[in-house]
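Enquirer: Supplied in structure tokens, the structure appears directly below.
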Amino acid sequence: MPENHRHMVDPDEQGDRIDKVLAKWNEDASRSQVQTWIKDGLVAVNGEKVKNNYKCQQGDEITWEIPEAEPLELEAENIPLEIIYEDSDVLVVNKPKGMVVHPAAGHGTGTLVNALLYHCQDLSGINGVIRPGIVHRIDKDTSGLLMVAKNDKAHVSLVDQLKAKTVKRSYQAIVHGEIGHDFGTIDAPLGRDPGDRQKMAVVDDGRHAVTHFEVIKRFKNFTHIKCVLETGRTHQIRVHMKYIGHPLAGDPKYGPRKTLDMDGQALHAEVLGFEHPSTKKWVEFQVDPPEDFDEQLDLLEKMS
């Protein structure tokens with residue numbers, strides 16, 4: 001069935017175009033796809049159809065319908081991939097910021113999966129037609145390391161390791177505010193925000209979620225940190241850091257409007273380690289943050 005959604009325009013969205021606002025609340029859809037929904041009459045503001053250039057006003061009620069998913073005929077696309085490691089069982093890639101991991105309805109091109117299909121013919125089919133080989137995901141605007149299964153045996157092994165919390169996943173992030181203590185652990189359950197189903201939040205009946213963090217360096221009004229995931233819930237680091245009063249810089253969904261000049265949140269999956277499905281030996285990979293992340297650190301250094 002089609003998915004129906006509702007959002008009340010926040011004060012900090014005042015004056016923003018409707019397509020920009022909806023793209024923020026539909027992370028797996030591109031802005032062009034949102035514009036198609038508007039053109040097709042699937043979006044209304046206060047009950048009235050609008051055009052893509054409509055400027056939102058505080059208190060506007062936006063309602064939209066995401067069409068029912070249709071079977072996707074995925075295309076292999078010659079999209080460059082930064083492959084960190086590959087053998088007959090697994091593949092580790094450094095996903096760039098801005099790339100969606102797997103296709104969604106009406107957004108079946110330009111994803112990591114499309115690129116993987118071009119690169120290799122042997123991907124695990126456990127996760128279904130539109131997610132071949134995908135064991136876990138990171139958000140569109142989060143960069144960094146992802147592991148991909150090339151056969152079903154490897155897929156089962158990697159998923160079991162994720163469930164057992166033995167996979168090592170370490171991130172770098174820039175957050176608002178100066179964190180006063182050097183180390184911390186956030187143990188707070190996560191689930192859908194009851195006030196906005198497009199967001200995640202700390203809720204009493206949510207799923208167990210634990211994030212460990214360590215301060216790397218403090219700047220004026222910002223802190224550079226390392227986060228280690230014990231669990232891997234949707235938007236976990238983003239929601240947990242907001243929960244303790246230090247939202248990620250640049251985060252369009254959970255952070256403040258006045259932030260660093262970045263496209264998306266300052267979050268990078270830096271380290272990934274796991275037991276190899278066949279050799280049973282521990283393998284670990286590390287990639288530095290992208291250029292725009294380092295540029296912001298340099299800017300903060302000059303401003304502090």
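Naming scheme: A, B, ... for chains in displayed order of the structure tokens; residues 1 onward per chain; ligands 1 onward as shown.
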Got a sec: who's within 12 Å of segment 114-122 of chain A, counting only C-alpha atoms, leaving out chain neighbours fewer than 2 positions off, as a CSV table (one decimal) with N, CA and C atoms, in the first residue's frame?
Expert:
chain,number,residue,atom,x,y,z
A,72,LEU,N,11.5,-3.5,-9.0
A,72,LEU,CA,12.6,-2.7,-9.6
A,72,LEU,C,13.4,-3.6,-10.5
A,73,GLU,N,13.6,-3.1,-11.7
A,73,GLU,CA,14.6,-3.8,-12.6
A,73,GLU,C,15.9,-3.0,-12.5
A,74,LEU,N,16.7,-3.5,-11.6
A,74,LEU,CA,17.9,-2.7,-11.3
A,74,LEU,C,18.9,-2.7,-12.5
A,75,GLU,N,19.5,-1.6,-12.7
A,75,GLU,CA,20.5,-1.4,-13.7
A,75,GLU,C,21.9,-1.4,-13.1
A,76,ALA,N,22.8,-2.1,-13.8
A,76,ALA,CA,24.2,-2.0,-13.4
A,76,ALA,C,24.7,-0.7,-14.0
A,77,GLU,N,25.3,0.2,-13.1
A,77,GLU,CA,25.8,1.5,-13.5
A,77,GLU,C,27.3,1.6,-13.3
A,78,ASN,N,28.0,2.2,-14.3
A,78,ASN,CA,29.4,2.3,-14.2
A,78,ASN,C,29.7,3.6,-13.3
A,79,ILE,N,29.5,3.4,-12.0
A,79,ILE,CA,29.8,4.5,-11.0
A,79,ILE,C,31.1,4.1,-10.3
A,80,PRO,N,32.0,5.0,-10.3
A,80,PRO,CA,33.3,4.7,-9.6
A,80,PRO,C,33.1,4.3,-8.1
A,81,LEU,N,33.8,3.3,-7.7
A,81,LEU,CA,33.7,2.8,-6.3
A,81,LEU,C,35.2,2.8,-5.8
A,82,GLU,N,35.3,3.3,-4.5
A,82,GLU,CA,36.6,3.1,-3.9
A,82,GLU,C,36.6,1.8,-3.1
A,83,ILE,N,37.1,0.8,-3.6
A,83,ILE,CA,37.1,-0.5,-3.0
A,83,ILE,C,38.4,-0.6,-2.1
A,86,GLU,N,38.7,-6.7,-1.3
A,86,GLU,CA,37.8,-7.6,-2.0
A,86,GLU,C,38.4,-9.0,-2.1
A,87,ASP,N,37.6,-10.0,-1.9
A,87,ASP,CA,37.9,-11.4,-2.2
A,87,ASP,C,36.6,-12.1,-2.7
A,88,SER,N,36.6,-13.4,-2.7
A,88,SER,CA,35.5,-14.1,-3.2
A,88,SER,C,34.3,-14.1,-2.2
A,89,ASP,N,34.5,-13.7,-1.0
A,89,ASP,CA,33.4,-13.7,0.0
A,89,ASP,C,32.9,-12.3,0.4
A,90,VAL,N,33.8,-11.3,0.5
A,90,VAL,CA,33.4,-10.0,1.0
A,90,VAL,C,34.0,-8.9,0.2
A,91,LEU,N,33.4,-7.7,0.3
A,91,LEU,CA,33.9,-6.6,-0.4
A,91,LEU,C,33.7,-5.4,0.6
A,92,VAL,N,34.7,-4.6,0.8
A,92,VAL,CA,34.6,-3.4,1.7
A,92,VAL,C,34.8,-2.2,0.8
A,93,VAL,N,33.8,-1.3,0.9
A,93,VAL,CA,33.9,0.0,0.1
A,93,VAL,C,33.9,1.2,1.0
A,95,LYS,N,32.1,4.4,1.0
A,95,LYS,CA,31.0,5.1,0.4
A,95,LYS,C,31.1,6.6,0.5
A,99,MET,N,25.7,9.5,-1.5
A,99,MET,CA,25.3,8.3,-2.2
A,99,MET,C,24.3,7.5,-1.3
A,100,VAL,N,23.2,7.1,-1.9
A,100,VAL,CA,22.2,6.3,-1.2
A,100,VAL,C,22.7,4.8,-1.3
A,101,VAL,N,22.5,4.0,-0.3
A,101,VAL,CA,23.1,2.7,-0.3
A,101,VAL,C,22.3,1.8,-1.2
A,102,HIS,N,21.0,1.7,-1.1
A,102,HIS,CA,20.2,0.9,-1.9
A,102,HIS,C,19.0,1.6,-2.5
A,103,PRO,N,18.4,1.1,-3.6
A,103,PRO,CA,17.3,1.8,-4.2
A,103,PRO,C,16.0,1.8,-3.4
A,104,ALA,N,15.2,2.8,-3.6
A,104,ALA,CA,13.9,2.8,-3.0
A,104,ALA,C,12.9,3.1,-4.2
A,107,HIS,N,13.4,5.5,-7.1
A,107,HIS,CA,14.8,6.0,-6.9
A,107,HIS,C,15.7,4.9,-7.1
A,108,GLY,N,15.7,4.3,-8.3
A,108,GLY,CA,16.4,3.1,-8.6
A,108,GLY,C,17.7,3.2,-9.3
A,109,THR,N,18.3,4.4,-9.3
A,109,THR,CA,19.5,4.6,-10.0
A,109,THR,C,20.5,5.4,-9.1
A,110,GLY,N,21.8,5.3,-9.4
A,110,GLY,CA,22.8,6.2,-8.7
A,110,GLY,C,23.1,5.7,-7.3
A,111,THR,N,22.7,4.5,-7.0
A,111,THR,CA,22.9,4.0,-5.6
A,111,THR,C,24.2,3.1,-5.6
A,112,LEU,N,24.6,2.8,-4.3
A,112,LEU,CA,25.7,1.9,-4.2
A,112,LEU,C,25.4,0.5,-4.8
A,124,SER,N,25.3,-11.6,-2.6
A,124,SER,CA,24.4,-12.4,-1.9
A,124,SER,C,23.0,-11.9,-2.2
A,125,GLY,N,22.0,-12.9,-2.3
A,125,GLY,CA,20.6,-12.5,-2.5
A,125,GLY,C,19.7,-12.6,-1.3
A,129,VAL,N,15.8,-8.5,-3.8
A,129,VAL,CA,16.2,-8.0,-5.2
A,129,VAL,C,16.9,-6.6,-5.1
A,130,ILE,N,16.4,-5.7,-4.3
A,130,ILE,CA,16.9,-4.3,-4.4
A,130,ILE,C,18.0,-4.1,-3.4
A,131,ARG,N,18.4,-5.1,-2.6
A,131,ARG,CA,19.5,-4.9,-1.6
A,131,ARG,C,20.5,-6.1,-1.8
A,132,PRO,N,20.9,-6.5,-2.9
A,132,PRO,CA,21.8,-7.6,-3.1
A,132,PRO,C,23.1,-7.3,-2.4
A,133,GLY,N,23.6,-8.2,-1.5
A,133,GLY,CA,24.9,-8.1,-0.9
A,133,GLY,C,24.9,-7.2,0.3
A,134,ILE,N,23.8,-6.4,0.5
A,134,ILE,CA,23.9,-5.3,1.6
A,134,ILE,C,23.6,-6.0,2.9
A,147,MET,N,30.6,-3.0,4.6
A,147,MET,CA,30.9,-4.4,4.2
A,147,MET,C,29.8,-4.9,3.3
A,148,VAL,N,30.1,-5.7,2.3
A,148,VAL,CA,29.2,-6.2,1.3
A,148,VAL,C,29.4,-7.7,1.2
A,149,ALA,N,28.4,-8.6,1.3
A,149,ALA,CA,28.5,-10.0,1.2
A,149,ALA,C,28.4,-10.4,-0.3
A,150,LYS,N,29.3,-11.3,-0.8
A,150,LYS,CA,29.3,-11.7,-2.1
A,150,LYS,C,28.7,-13.1,-2.3
A,151,ASN,N,28.3,-13.8,-1.2
A,151,ASN,CA,27.6,-15.0,-1.3
A,151,ASN,C,26.7,-15.2,0.0
A,152,ASP,N,25.8,-16.1,0.0
A,152,ASP,CA,24.9,-16.2,1.1
A,152,ASP,C,25.6,-16.7,2.4
A,154,ALA,N,28.6,-16.0,3.4
A,154,ALA,CA,29.3,-14.8,4.0
A,154,ALA,C,28.2,-13.9,4.6
Enquirer: Write out as number ranges by chain all residues of segment 22-213 of chain A that backbone DSSP assigns to strand (DSSP E).
Expert: A: 43-45, 48-49, 61-66, 83-86, 90-95, 143-149, 168-176, 183-187, 190-193, 196-202, 210-213
Enquirer: Show which residues sit within 7 Å of segment 289-298 of chain A, as a PDB file with C-alpha atoms, in the first residue's frame. Count only C-alpha atoms, and ignore same-chain residues fewer than 2 positions away.
Expert:
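Written out: result_31.pdb:
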ATOM      1  CA  ALA A 266      29.670  15.676   9.827  1.00  0.00           C
ATOM      2  CA  HIS A 268      32.338   9.461   8.839  1.00  0.00           C
ATOM      3  CA  GLU A 270      36.297   5.479   9.810  1.00  0.00           C
ATOM      4  CA  VAL A 287      39.837   5.261   5.895  1.00  0.00           C
ATOM      5  CA  LEU A 300      37.351  25.425  13.500  1.00  0.00           C
ATOM      6  CA  GLU A 301      41.047  25.429  14.397  1.00  0.00           C
ATOM      7  CA  LYS A 302      41.457  28.912  12.931  1.00  0.00           C
TER       8      LYS A 302
END
Enquirer: What is the distance between atom CA of Met8 of chain A and atom CA of His176 of chain A, in Å to one decimal?
Expert: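 Answer for the atom CA of Met8 of chain A to atom CA of His176 of chain A separation: 24.9 Å.
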Enquirer: Nearest to Lys24 of chain A among A:Val283, A:Met303, A:Gly264, A:Leu229, with distances taken over only C-alpha atoms: which residue is it?
Expert: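 The shortest atom-to-atom distance to Lys24 of chain A comes from A:Gly264.
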Enquirer: Please identify all polymer residues within 9 Å of segment 220-223 of chain A, counting only C-alpha atoms, omitting same-chain residues fewer than 3 positions from it, and present them as an MDAnalysis selection string.
Expert: chainID A and resid 173:179 215:217 246 249 300:301 303:304
Enquirer: Print the selection's residues with N, CA, C and O atoms to a file, as a PDB file, in the first residue's frame.
Expert:
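Result written to part.pdb:
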ATOM      1  N   ALA A 173      33.117  12.322  14.188  1.00  0.00           N
ATOM      2  CA  ALA A 173      32.001  13.255  14.070  1.00  0.00           C
ATOM      3  C   ALA A 173      32.405  14.611  14.619  1.00  0.00           C
ATOM      4  O   ALA A 173      33.313  14.721  15.451  1.00  0.00           O
ATOM      5  N   ILE A 174      31.737  15.638  14.141  1.00  0.00           N
ATOM      6  CA  ILE A 174      31.851  16.987  14.708  1.00  0.00           C
ATOM      7  C   ILE A 174      30.483  17.343  15.259  1.00  0.00           C
ATOM      8  O   ILE A 174      29.467  17.244  14.548  1.00  0.00           O
ATOM      9  N   VAL A 175      30.437  17.727  16.534  1.00  0.00           N
ATOM     10  CA  VAL A 175      29.159  18.015  17.177  1.00  0.00           C
ATOM     11  C   VAL A 175      29.140  19.444  17.701  1.00  0.00           C
ATOM     12  O   VAL A 175      30.183  20.063  17.934  1.00  0.00           O
ATOM     13  N   HIS A 176      27.940  19.947  17.895  1.00  0.00           N
ATOM     14  CA  HIS A 176      27.765  21.278  18.466  1.00  0.00           C
ATOM     15  C   HIS A 176      28.087  21.260  19.963  1.00  0.00           C
ATOM     16  O   HIS A 176      27.811  20.272  20.656  1.00  0.00           O
ATOM     17  N   GLY A 177      28.649  22.352  20.435  1.00  0.00           N
ATOM     18  CA  GLY A 177      28.929  22.494  21.861  1.00  0.00           C
ATOM     19  C   GLY A 177      30.278  21.892  22.240  1.00  0.00           C
ATOM     20  O   GLY A 177      30.858  21.107  21.490  1.00  0.00           O
ATOM     21  N   GLU A 178      30.745  22.273  23.399  1.00  0.00           N
ATOM     22  CA  GLU A 178      32.009  21.764  23.915  1.00  0.00           C
ATOM     23  C   GLU A 178      31.721  20.724  24.997  1.00  0.00           C
ATOM     24  O   GLU A 178      31.264  21.060  26.093  1.00  0.00           O
ATOM     25  N   ILE A 179      31.941  19.469  24.686  1.00  0.00           N
ATOM     26  CA  ILE A 179      31.671  18.378  25.625  1.00  0.00           C
ATOM     27  C   ILE A 179      32.670  18.475  26.778  1.00  0.00           C
ATOM     28  O   ILE A 179      33.884  18.528  26.566  1.00  0.00           O
ATOM     29  N   VAL A 215      36.294  12.247  23.274  1.00  0.00           N
ATOM     30  CA  VAL A 215      36.653  13.558  22.724  1.00  0.00           C
ATOM     31  C   VAL A 215      38.034  13.487  22.082  1.00  0.00           C
ATOM     32  O   VAL A 215      38.996  13.025  22.702  1.00  0.00           O
ATOM     33  N   ILE A 216      38.124  13.927  20.829  1.00  0.00           N
ATOM     34  CA  ILE A 216      39.408  14.039  20.141  1.00  0.00           C
ATOM     35  C   ILE A 216      39.982  15.434  20.345  1.00  0.00           C
ATOM     36  O   ILE A 216      41.148  15.598  20.717  1.00  0.00           O
ATOM     37  N   LYS A 217      39.137  16.467  20.132  1.00  0.00           N
ATOM     38  CA  LYS A 217      39.590  17.838  20.337  1.00  0.00           C
ATOM     39  C   LYS A 217      38.391  18.760  20.501  1.00  0.00           C
ATOM     40  O   LYS A 217      37.358  18.573  19.853  1.00  0.00           O
ATOM     41  N   HIS A 246      24.252  17.577  22.172  1.00  0.00           N
ATOM     42  CA  HIS A 246      25.365  17.853  21.268  1.00  0.00           C
ATOM     43  C   HIS A 246      25.074  17.275  19.879  1.00  0.00           C
ATOM     44  O   HIS A 246      25.731  16.324  19.438  1.00  0.00           O
ATOM     45  N   ALA A 249      27.044  18.505  13.736  1.00  0.00           N
ATOM     46  CA  ALA A 249      27.121  19.666  12.855  1.00  0.00           C
ATOM     47  C   ALA A 249      26.655  19.282  11.459  1.00  0.00           C
ATOM     48  O   ALA A 249      26.976  18.200  10.964  1.00  0.00           O
ATOM     49  N   LEU A 300      37.596  25.324  12.058  1.00  0.00           N
ATOM     50  CA  LEU A 300      37.351  25.425  13.500  1.00  0.00           C
ATOM     51  C   LEU A 300      38.652  25.731  14.245  1.00  0.00           C
ATOM     52  O   LEU A 300      38.650  26.479  15.235  1.00  0.00           O
ATOM     53  N   GLU A 301      39.750  25.156  13.793  1.00  0.00           N
ATOM     54  CA  GLU A 301      41.047  25.429  14.397  1.00  0.00           C
ATOM     55  C   GLU A 301      41.397  26.914  14.292  1.00  0.00           C
ATOM     56  O   GLU A 301      41.870  27.528  15.266  1.00  0.00           O
ATOM     57  N   MET A 303      39.312  29.365  13.976  1.00  0.00           N
ATOM     58  CA  MET A 303      38.324  30.185  14.689  1.00  0.00           C
ATOM     59  C   MET A 303      38.467  30.087  16.206  1.00  0.00           C
ATOM     60  O   MET A 303      37.926  30.918  16.939  1.00  0.00           O
ATOM     61  N   SER A 304      39.175  29.068  16.674  1.00  0.00           N
ATOM     62  CA  SER A 304      39.265  28.834  18.130  1.00  0.00           C
ATOM     63  C   SER A 304      40.439  29.602  18.752  1.00  0.00           C
ATOM     64  O   SER A 304      41.365  30.018  18.079  1.00  0.00           O
TER      65      SER A 304
END
Enquirer: For a quick check of understanding, using only C-alpha atoms, which of A:Arg137, A:Lys253, A:Lys165, A:His235 has the smallest distance to Leu22 of chain A?
Expert: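 Going through A:Arg137, A:Lys253, A:Lys165, A:His235 one by one, the smallest distance to Leu22 of chain A is for A:Lys253.
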